[in-house]
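One file, query.cif, carrying mmCIF, C-alpha atoms:
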```
data_model
loop_
_atom_site.label_atom_id
_atom_site.label_comp_id
_atom_site.auth_asym_id
_atom_site.auth_seq_id
_atom_site.Cartn_x
_atom_site.Cartn_y
_atom_site.Cartn_z
CA MET A 768 84.51 88.13 70.21
CA THR A 769 88.18 87.69 69.28
CA ALA A 770 90.91 87.41 71.91
CA LYS A 771 92.40 90.70 70.69
CA LYS A 772 89.14 92.55 71.18
CA ARG A 773 88.60 90.96 74.60
CA ALA A 774 92.12 92.01 75.62
CA GLY A 775 91.51 95.59 74.46
CA MET A 776 88.28 95.86 76.41
CA ALA A 777 89.86 94.36 79.54
CA ILE A 778 92.73 96.86 79.35
CA MET A 779 90.26 99.75 79.01
CA VAL A 780 88.32 98.58 82.08
CA ILE A 781 91.49 98.25 84.15
CA LEU A 782 92.86 101.64 83.07
CA PHE A 783 89.53 103.37 83.74
CA ILE A 784 89.34 101.94 87.27
CA LEU A 785 92.98 102.78 88.02
CA ILE A 786 92.76 106.36 86.73
CA PHE A 787 89.47 107.04 88.52
CA ASP A 788 90.74 105.44 91.73
CA GLN A 789 94.06 107.27 91.82
CA ALA A 790 92.65 110.64 90.74
CA LEU A 791 90.05 110.54 93.49
CA LYS A 792 92.57 109.47 96.13
CA ILE A 793 95.02 112.21 95.21
CA TRP A 794 92.24 114.81 95.19
CA ILE A 795 91.02 113.69 98.62
CA LYS A 796 94.52 113.61 100.08
CA THR A 797 95.40 117.07 98.81
CA SER A 798 92.03 118.79 99.38
CA PHE A 799 90.64 117.31 102.61
CA GLU A 800 91.82 117.47 106.18
CA PRO A 801 92.01 114.16 108.08
CA ASN A 802 88.48 113.01 109.05
CA GLN A 803 86.91 115.82 107.02
CA ALA A 804 83.50 114.80 105.64
CA GLN A 805 81.41 115.99 102.73
CA ASN A 806 77.89 114.76 102.03
CA LEU A 807 77.18 113.27 98.61
CA ILE A 808 73.62 111.94 98.92
CA GLY A 809 71.87 113.47 101.91
CA SER A 810 73.89 112.67 105.01
CA TRP A 811 73.76 108.88 104.63
CA PHE A 812 76.36 108.59 101.84
CA ARG A 813 79.37 110.85 102.11
CA LEU A 814 83.07 111.38 101.52
CA LEU A 815 85.21 110.97 104.64
CA TYR A 816 88.97 111.19 104.35
CA VAL A 817 90.79 108.45 106.25
CA GLU A 818 93.86 106.30 105.68
CA ASN A 819 94.46 102.73 106.72
CA GLN A 820 97.46 100.44 106.91
CA GLY A 821 95.50 97.38 105.84
CA MET A 822 93.75 95.94 102.83
CA ALA A 823 90.25 96.20 101.38
CA PHE A 824 87.72 97.86 103.72
CA GLY A 825 90.44 98.45 106.33
CA ALA A 826 91.12 94.81 107.23
CA THR A 827 94.67 94.09 108.44
CA PHE A 828 97.05 91.24 109.16
CA GLY A 829 98.21 93.01 112.33
CA SER A 830 100.26 96.10 113.19
CA GLY A 831 103.92 96.78 112.63
CA MET A 832 106.27 96.86 109.67
CA TYR A 833 106.37 93.12 108.96
CA ALA A 834 102.59 92.78 108.91
CA LYS A 835 102.34 95.67 106.44
CA LEU A 836 105.21 94.35 104.33
CA PHE A 837 103.65 90.89 104.25
CA LEU A 838 100.35 92.38 103.13
CA SER A 839 101.99 94.41 100.35
CA ILE A 840 104.00 91.41 99.12
CA PHE A 841 100.79 89.40 99.15
CA ARG A 842 99.16 92.13 97.04
CA LEU A 843 102.13 92.13 94.66
CA ILE A 844 101.95 88.35 94.17
CA ALA A 845 98.16 88.52 93.76
CA VAL A 846 98.49 91.19 91.05
CA GLY A 847 101.15 89.17 89.23
CA PHE A 848 99.10 85.98 89.37
CA GLY A 849 95.92 87.88 88.45
CA THR A 850 97.60 89.35 85.37
CA TYR A 851 98.79 85.91 84.24
CA TYR A 852 95.37 84.38 84.88
CA LEU A 853 93.56 87.18 83.03
CA ILE A 854 95.75 86.59 79.97
CA GLN A 855 94.86 82.88 80.02
CA VAL A 856 91.15 83.64 80.39
CA ILE A 857 91.28 86.11 77.47
CA LYS A 858 92.90 83.45 75.26
CA ASP A 859 90.24 80.90 76.16
CA ASN A 860 87.35 81.55 73.77
CA GLU A 861 85.13 79.26 75.84
CA LYS A 862 85.17 81.81 78.69
CA LYS A 863 82.41 84.38 78.58
CA TRP A 864 83.14 88.11 78.38
CA GLY A 865 81.44 88.59 81.74
CA TYR A 866 84.08 86.42 83.37
CA VAL A 867 86.86 88.42 81.71
CA LEU A 868 85.19 91.58 83.05
CA ALA A 869 84.97 90.16 86.58
CA ILE A 870 88.67 89.20 86.67
CA SER A 871 89.57 92.62 85.23
CA LEU A 872 87.65 94.39 88.03
CA VAL A 873 89.37 92.35 90.74
CA LEU A 874 92.79 92.90 89.18
CA ALA A 875 92.22 96.65 88.80
CA GLY A 876 91.15 97.00 92.43
CA ALA A 877 94.11 95.04 93.78
CA THR A 878 96.50 97.10 91.64
CA GLY A 879 94.93 100.39 92.77
CA ASN A 880 95.51 99.68 96.46
CA LEU A 881 98.99 98.32 95.73
CA LEU A 882 99.97 101.64 94.12
CA ASP A 883 99.08 103.46 97.35
CA SER A 884 101.29 101.20 99.43
CA ALA A 885 104.16 101.25 96.95
CA PHE A 886 104.46 104.94 96.08
CA TYR A 887 102.45 107.27 98.31
CA ASP A 888 105.23 107.56 100.90
CA TYR A 889 107.41 108.99 98.10
CA ILE A 890 104.76 111.21 96.52
CA PHE A 891 103.49 112.77 99.75
CA PRO A 892 105.52 113.92 102.80
CA PHE A 893 105.42 111.69 105.86
CA ASP A 894 103.66 113.49 108.73
CA PRO A 895 104.55 112.09 112.19
CA ASN A 896 101.69 114.07 113.74
CA LEU A 897 99.07 112.33 111.64
CA PRO A 898 97.32 109.55 113.63
CA TYR A 899 97.12 107.46 110.46
CA ASN A 900 100.89 107.09 110.73
CA TRP A 901 100.81 105.84 114.32
CA ILE A 902 100.97 102.18 115.25
CA SER A 903 97.93 100.88 117.08
CA ASN A 904 97.29 97.80 119.15
CA GLY A 905 93.63 97.10 118.56
CA ASN A 906 91.78 100.33 119.28
CA ASN A 907 94.64 101.99 121.20
CA PHE A 908 97.75 103.71 119.91
CA ILE A 909 101.13 102.59 121.22
CA PHE A 910 103.18 105.26 123.01
CA THR A 911 106.83 105.18 124.08
CA ASP A 912 108.01 107.87 126.50
CA GLY A 913 104.85 109.83 125.80
CA THR A 914 105.25 109.92 122.03
CA PRO A 915 103.37 107.69 119.57
CA ASP A 916 105.22 104.87 117.83
CA LEU A 917 105.36 105.58 114.11
CA ARG A 918 104.76 103.10 111.35
CA ALA A 919 107.63 102.23 109.03
CA HIS A 920 107.43 104.08 105.76
CA GLY A 921 108.86 103.58 102.31
CA PHE A 922 108.33 101.26 99.36
CA LEU A 923 105.36 98.91 99.93
CA LEU A 924 104.76 100.42 103.38
CA GLY A 925 102.44 103.34 102.56
CA ASN A 926 98.87 103.81 103.76
CA VAL A 927 95.81 103.27 101.57
CA VAL A 928 93.49 106.26 101.14
CA ASP A 929 89.77 105.64 101.73
CA MET A 930 86.87 108.05 101.35
CA PHE A 931 83.39 106.52 100.88
CA GLN A 932 81.13 105.96 103.87
CA PHE A 933 77.56 104.79 104.38
CA ASN A 934 76.62 106.95 107.35
CA VAL A 935 73.60 104.89 108.41
CA GLN A 936 72.84 103.46 111.86
CA TYR A 937 70.40 100.80 112.97
CA PRO A 938 67.22 102.24 114.54
CA GLU A 939 66.72 102.08 118.30
CA TRP A 940 64.18 99.27 118.08
CA VAL A 941 66.69 96.77 116.59
CA PRO A 942 67.93 94.45 119.38
CA TYR A 943 71.68 94.43 120.09
CA LEU A 944 72.44 96.64 117.06
CA ALA A 945 70.61 99.86 117.96
CA GLY A 946 72.72 102.91 117.18
CA ARG A 947 75.51 100.94 115.48
CA ASP A 948 76.65 101.52 111.91
CA VAL A 949 74.94 99.33 109.32
CA PHE A 950 78.23 99.18 107.40
CA SER A 951 81.11 100.65 109.33
CA ALA A 952 83.92 100.21 106.79
CA ILE A 953 85.19 103.19 104.82
CA TRP A 954 86.22 102.23 101.31
CA ASN A 955 87.52 103.45 97.97
CA VAL A 956 87.03 102.82 94.26
CA ALA A 957 89.55 99.97 94.28
CA ASP A 958 87.68 98.20 97.09
CA ALA A 959 84.40 98.63 95.22
CA SER A 960 85.97 97.23 92.04
CA ILE A 961 87.17 94.10 93.87
CA PHE A 962 83.75 93.66 95.48
CA CYS A 963 81.88 94.03 92.18
CA GLY A 964 84.16 91.56 90.43
CA ILE A 965 83.71 88.93 93.14
CA MET A 966 79.94 89.45 93.28
CA LEU A 967 79.71 89.11 89.50
CA ILE A 968 81.47 85.74 89.70
CA LEU A 969 79.23 84.55 92.53
CA ILE A 970 76.00 85.66 90.86
CA ARG A 971 76.87 84.21 87.45
CA GLN A 972 78.91 81.20 88.51
CA ARG A 973 76.58 78.78 86.72
CA ALA A 974 77.09 80.65 83.46
CA PHE A 975 80.84 81.05 83.96
CA PHE A 976 81.39 77.45 85.13
CA PRO A 977 78.78 75.28 83.36
CA SER A 978 78.11 71.82 84.77
CA GLN A 979 79.81 68.88 83.07
CA LYS A 980 76.56 66.88 83.21
CA ASN A 981 75.23 68.61 80.11
CA GLU A 982 78.22 67.72 77.96
CA PRO A 983 77.49 65.37 75.00
CA LEU A 984 78.34 61.71 75.42
CA ASN A 985 81.69 60.57 74.07
CA ASP A 986 82.03 58.18 71.12
CA ASP A 987 82.37 55.09 73.31
CA ALA A 988 79.24 55.90 75.25
CA THR A 989 77.37 56.61 71.99
CA ASP A 990 78.49 53.31 70.47
CA SER A 991 77.47 51.43 73.62
CA SER A 992 74.02 53.03 73.58
CA ALA A 993 73.61 52.18 69.89
CA GLN A 994 74.58 48.54 70.53
CA LYS A 995 72.05 48.27 73.35
CA GLU A 996 69.34 49.75 71.13
CA ASP A 997 70.15 47.33 68.27
CA SER A 998 70.08 44.42 70.70
CA ALA A 999 66.70 45.46 72.05
CA ASN A 1000 65.32 45.84 68.54
CA GLY A 1001 66.62 42.37 67.62
CA MET A 1002 64.99 40.77 70.62
CA GLN A 1003 61.69 42.44 69.78
CA GLU A 1004 61.82 41.26 66.16
CA SER A 1005 62.62 37.70 67.32
CA ARG A 1006 59.65 37.73 69.69
CA ILE A 1007 57.35 38.90 66.88
CA GLY A 1008 58.66 36.10 64.64
CA ASP A 1009 57.96 33.47 67.29
CA GLU A 1010 54.42 34.73 67.68
CA ASP A 1011 53.90 34.45 63.90
CA ASP A 1012 55.15 30.85 63.96
CA ILE A 1013 52.73 29.93 66.72
CA LYS A 1014 49.84 31.39 64.74
#
```
structure tokens encoding of this file:
Amino acid sequence: MTAKKRAGMAIMVILFILIFDQALKIWIKTSFEPNQAQNLIGSWFRLLYVENQGMAFGATFGSGMYAKLFLSIFRLIAVGFGTYYLIQVIKDNEKKWGYVLAISLVLAGATGNLLDSAFYDYIFPFDPNLPYNWISNGNNFIFTDGTPDLRAHGFLLGNVVDMFQFNVQYPEWVPYLAGRDVFSAIWNVADASIFCGIMLILIRQRAFFPSQKNEPLNDDATDSSAQKEDSANGMQESRIGDEDDIK
């Protein structure tokens, strides 16, 4: 597969993920009320509209403007580096298409969540009554004079929209985990794309990063082996000659 064809396929994968991710987020944000749920497969897999101020699967670096800004700048650098790295991988014909696909999935997911943080505060009105816009300290919101402290908003400070939930709890007979969610995080298409890309790399790491032990010997090593073989053959011929003389 030529580098041009690999680049075209990588661009199509990234654009598909970005369009699907953003279209779903905008539809959820404009059609659902906060915490509104809609079952997709039974009641165990559903849509649930939430927003978070963190990264993939709701993880955060802390609360407050600087933590959010640091996270968004980290995302921005990661997307820039990921784009550069993807270009280098595409140019390297030794790299398998599966590896190009994996990097494309990770890059698309990181870009999708970055778009939320960068532009959603400009696209959608900021609602001070929405708990997603309140600053929390752990599990508790921070209040000043009876009113909640609001997160900073603007470029790179917006929330990320999440909507997928596995609504499954451990059965009562499971020690220590009874009644708890099997997977509590609520996620989006971008998160899933990052996860799939990383899992693809982990599962196929032997194919993507072949061991150096199987590489052919270099010329020096080949010459050395040949010399040793010639020497051994010479010694054997000499021994046979000596035996003939004795006879």
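Here atom CA of Val956 of chain A and atom CA of Trp864 of chain A stand 22.0 Å from one another.
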Which residue gives the smallest distance to Ala774 of chain A among A:Leu843, A:Leu815, A:Leu868, A:Met832, with only C-alpha atoms counted? A:Leu868
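Shortest atom-to-atom contact with Ile786 of chain A among A:Phe841, A:Ala952, A:Gly913, A:Thr878: A:Thr878, counting all atoms listed in the file.
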Can you give me, as JSON, numbers by chain, the residues this file yields under the PyMOL selection byres ((chain A and resi 920) around 12)? {"A": [820, 831, 832, 833, 835, 836, 883, 884, 885, 886, 887, 888, 889, 890, 891, 892, 893, 894, 895, 899, 900, 901, 902, 917, 918, 919, 921, 922, 923, 924, 925, 926]}
Restrict the selected residues to C-alpha atoms and save them as a tab-separated table (two decimals), in the coordinates of the input.
```
chain	number	residue	atom	x	y	z
A	820	GLN	CA	97.46	100.44	106.91
A	831	GLY	CA	103.92	96.78	112.63
A	832	MET	CA	106.27	96.86	109.67
A	833	TYR	CA	106.37	93.12	108.96
A	835	LYS	CA	102.34	95.67	106.44
A	836	LEU	CA	105.21	94.35	104.33
A	883	ASP	CA	99.08	103.46	97.35
A	884	SER	CA	101.29	101.20	99.43
A	885	ALA	CA	104.16	101.25	96.95
A	886	PHE	CA	104.46	104.94	96.08
A	887	TYR	CA	102.45	107.27	98.31
A	888	ASP	CA	105.23	107.56	100.90
A	889	TYR	CA	107.41	108.99	98.10
A	890	ILE	CA	104.76	111.21	96.52
A	891	PHE	CA	103.49	112.77	99.75
A	892	PRO	CA	105.52	113.92	102.80
A	893	PHE	CA	105.42	111.69	105.86
A	894	ASP	CA	103.66	113.49	108.73
A	895	PRO	CA	104.55	112.09	112.19
A	899	TYR	CA	97.12	107.46	110.46
A	900	ASN	CA	100.89	107.09	110.73
A	901	TRP	CA	100.81	105.84	114.32
A	902	ILE	CA	100.97	102.18	115.25
A	917	LEU	CA	105.36	105.58	114.11
A	918	ARG	CA	104.76	103.10	111.35
A	919	ALA	CA	107.63	102.23	109.03
A	921	GLY	CA	108.86	103.58	102.31
A	922	PHE	CA	108.33	101.26	99.36
A	923	LEU	CA	105.36	98.91	99.93
A	924	LEU	CA	104.76	100.42	103.38
A	925	GLY	CA	102.44	103.34	102.56
A	926	ASN	CA	98.87	103.81	103.76
```
Quick one: apply the PyMOL selection byres ((chain A and resi 781) around 12) to the file and drop the selected residues here as a PyMOL selection string. chain A and resi 774-780+782-788+850+853+867-879+956-957+960-961+964
Can those selected residues be exported to a file as a short mmCIF file (atom, residue, chain, number, x, y, z; two decimals), in the coordinates of the input so that it contains C-alpha atoms?
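Just written: out09.cif:
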```
data_model
loop_
_atom_site.label_atom_id
_atom_site.label_comp_id
_atom_site.auth_asym_id
_atom_site.auth_seq_id
_atom_site.Cartn_x
_atom_site.Cartn_y
_atom_site.Cartn_z
CA ALA A 774 92.12 92.01 75.62
CA GLY A 775 91.51 95.59 74.46
CA MET A 776 88.28 95.86 76.41
CA ALA A 777 89.86 94.36 79.54
CA ILE A 778 92.73 96.86 79.35
CA MET A 779 90.26 99.75 79.01
CA VAL A 780 88.32 98.58 82.08
CA LEU A 782 92.86 101.64 83.07
CA PHE A 783 89.53 103.37 83.74
CA ILE A 784 89.34 101.94 87.27
CA LEU A 785 92.98 102.78 88.02
CA ILE A 786 92.76 106.36 86.73
CA PHE A 787 89.47 107.04 88.52
CA ASP A 788 90.74 105.44 91.73
CA THR A 850 97.60 89.35 85.37
CA LEU A 853 93.56 87.18 83.03
CA VAL A 867 86.86 88.42 81.71
CA LEU A 868 85.19 91.58 83.05
CA ALA A 869 84.97 90.16 86.58
CA ILE A 870 88.67 89.20 86.67
CA SER A 871 89.57 92.62 85.23
CA LEU A 872 87.65 94.39 88.03
CA VAL A 873 89.37 92.35 90.74
CA LEU A 874 92.79 92.90 89.18
CA ALA A 875 92.22 96.65 88.80
CA GLY A 876 91.15 97.00 92.43
CA ALA A 877 94.11 95.04 93.78
CA THR A 878 96.50 97.10 91.64
CA GLY A 879 94.93 100.39 92.77
CA VAL A 956 87.03 102.82 94.26
CA ALA A 957 89.55 99.97 94.28
CA SER A 960 85.97 97.23 92.04
CA ILE A 961 87.17 94.10 93.87
CA GLY A 964 84.16 91.56 90.43
#
```
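Using only C-alpha atoms, the smallest distance between any of A:Val935, A:Ile909, A:Leu881, A:Met768 and Ile808 of chain A comes from A:Val935.
The two atoms in question, atom CA of Asn904 of chain A and atom CA of Asp916 of chain A, are spaced 10.7 Å apart.
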Tell me which of A:Asn934, A:Asn907, A:Asn880, A:Thr914 sits closest to Ala959 of chain A, counting only C-alpha atoms. A:Asn880
What does the distance from atom CA of Ser978 of chain A to atom CA of Thr769 of chain A come to in Å, to one decimal?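 A separation of 24.4 Å between them.
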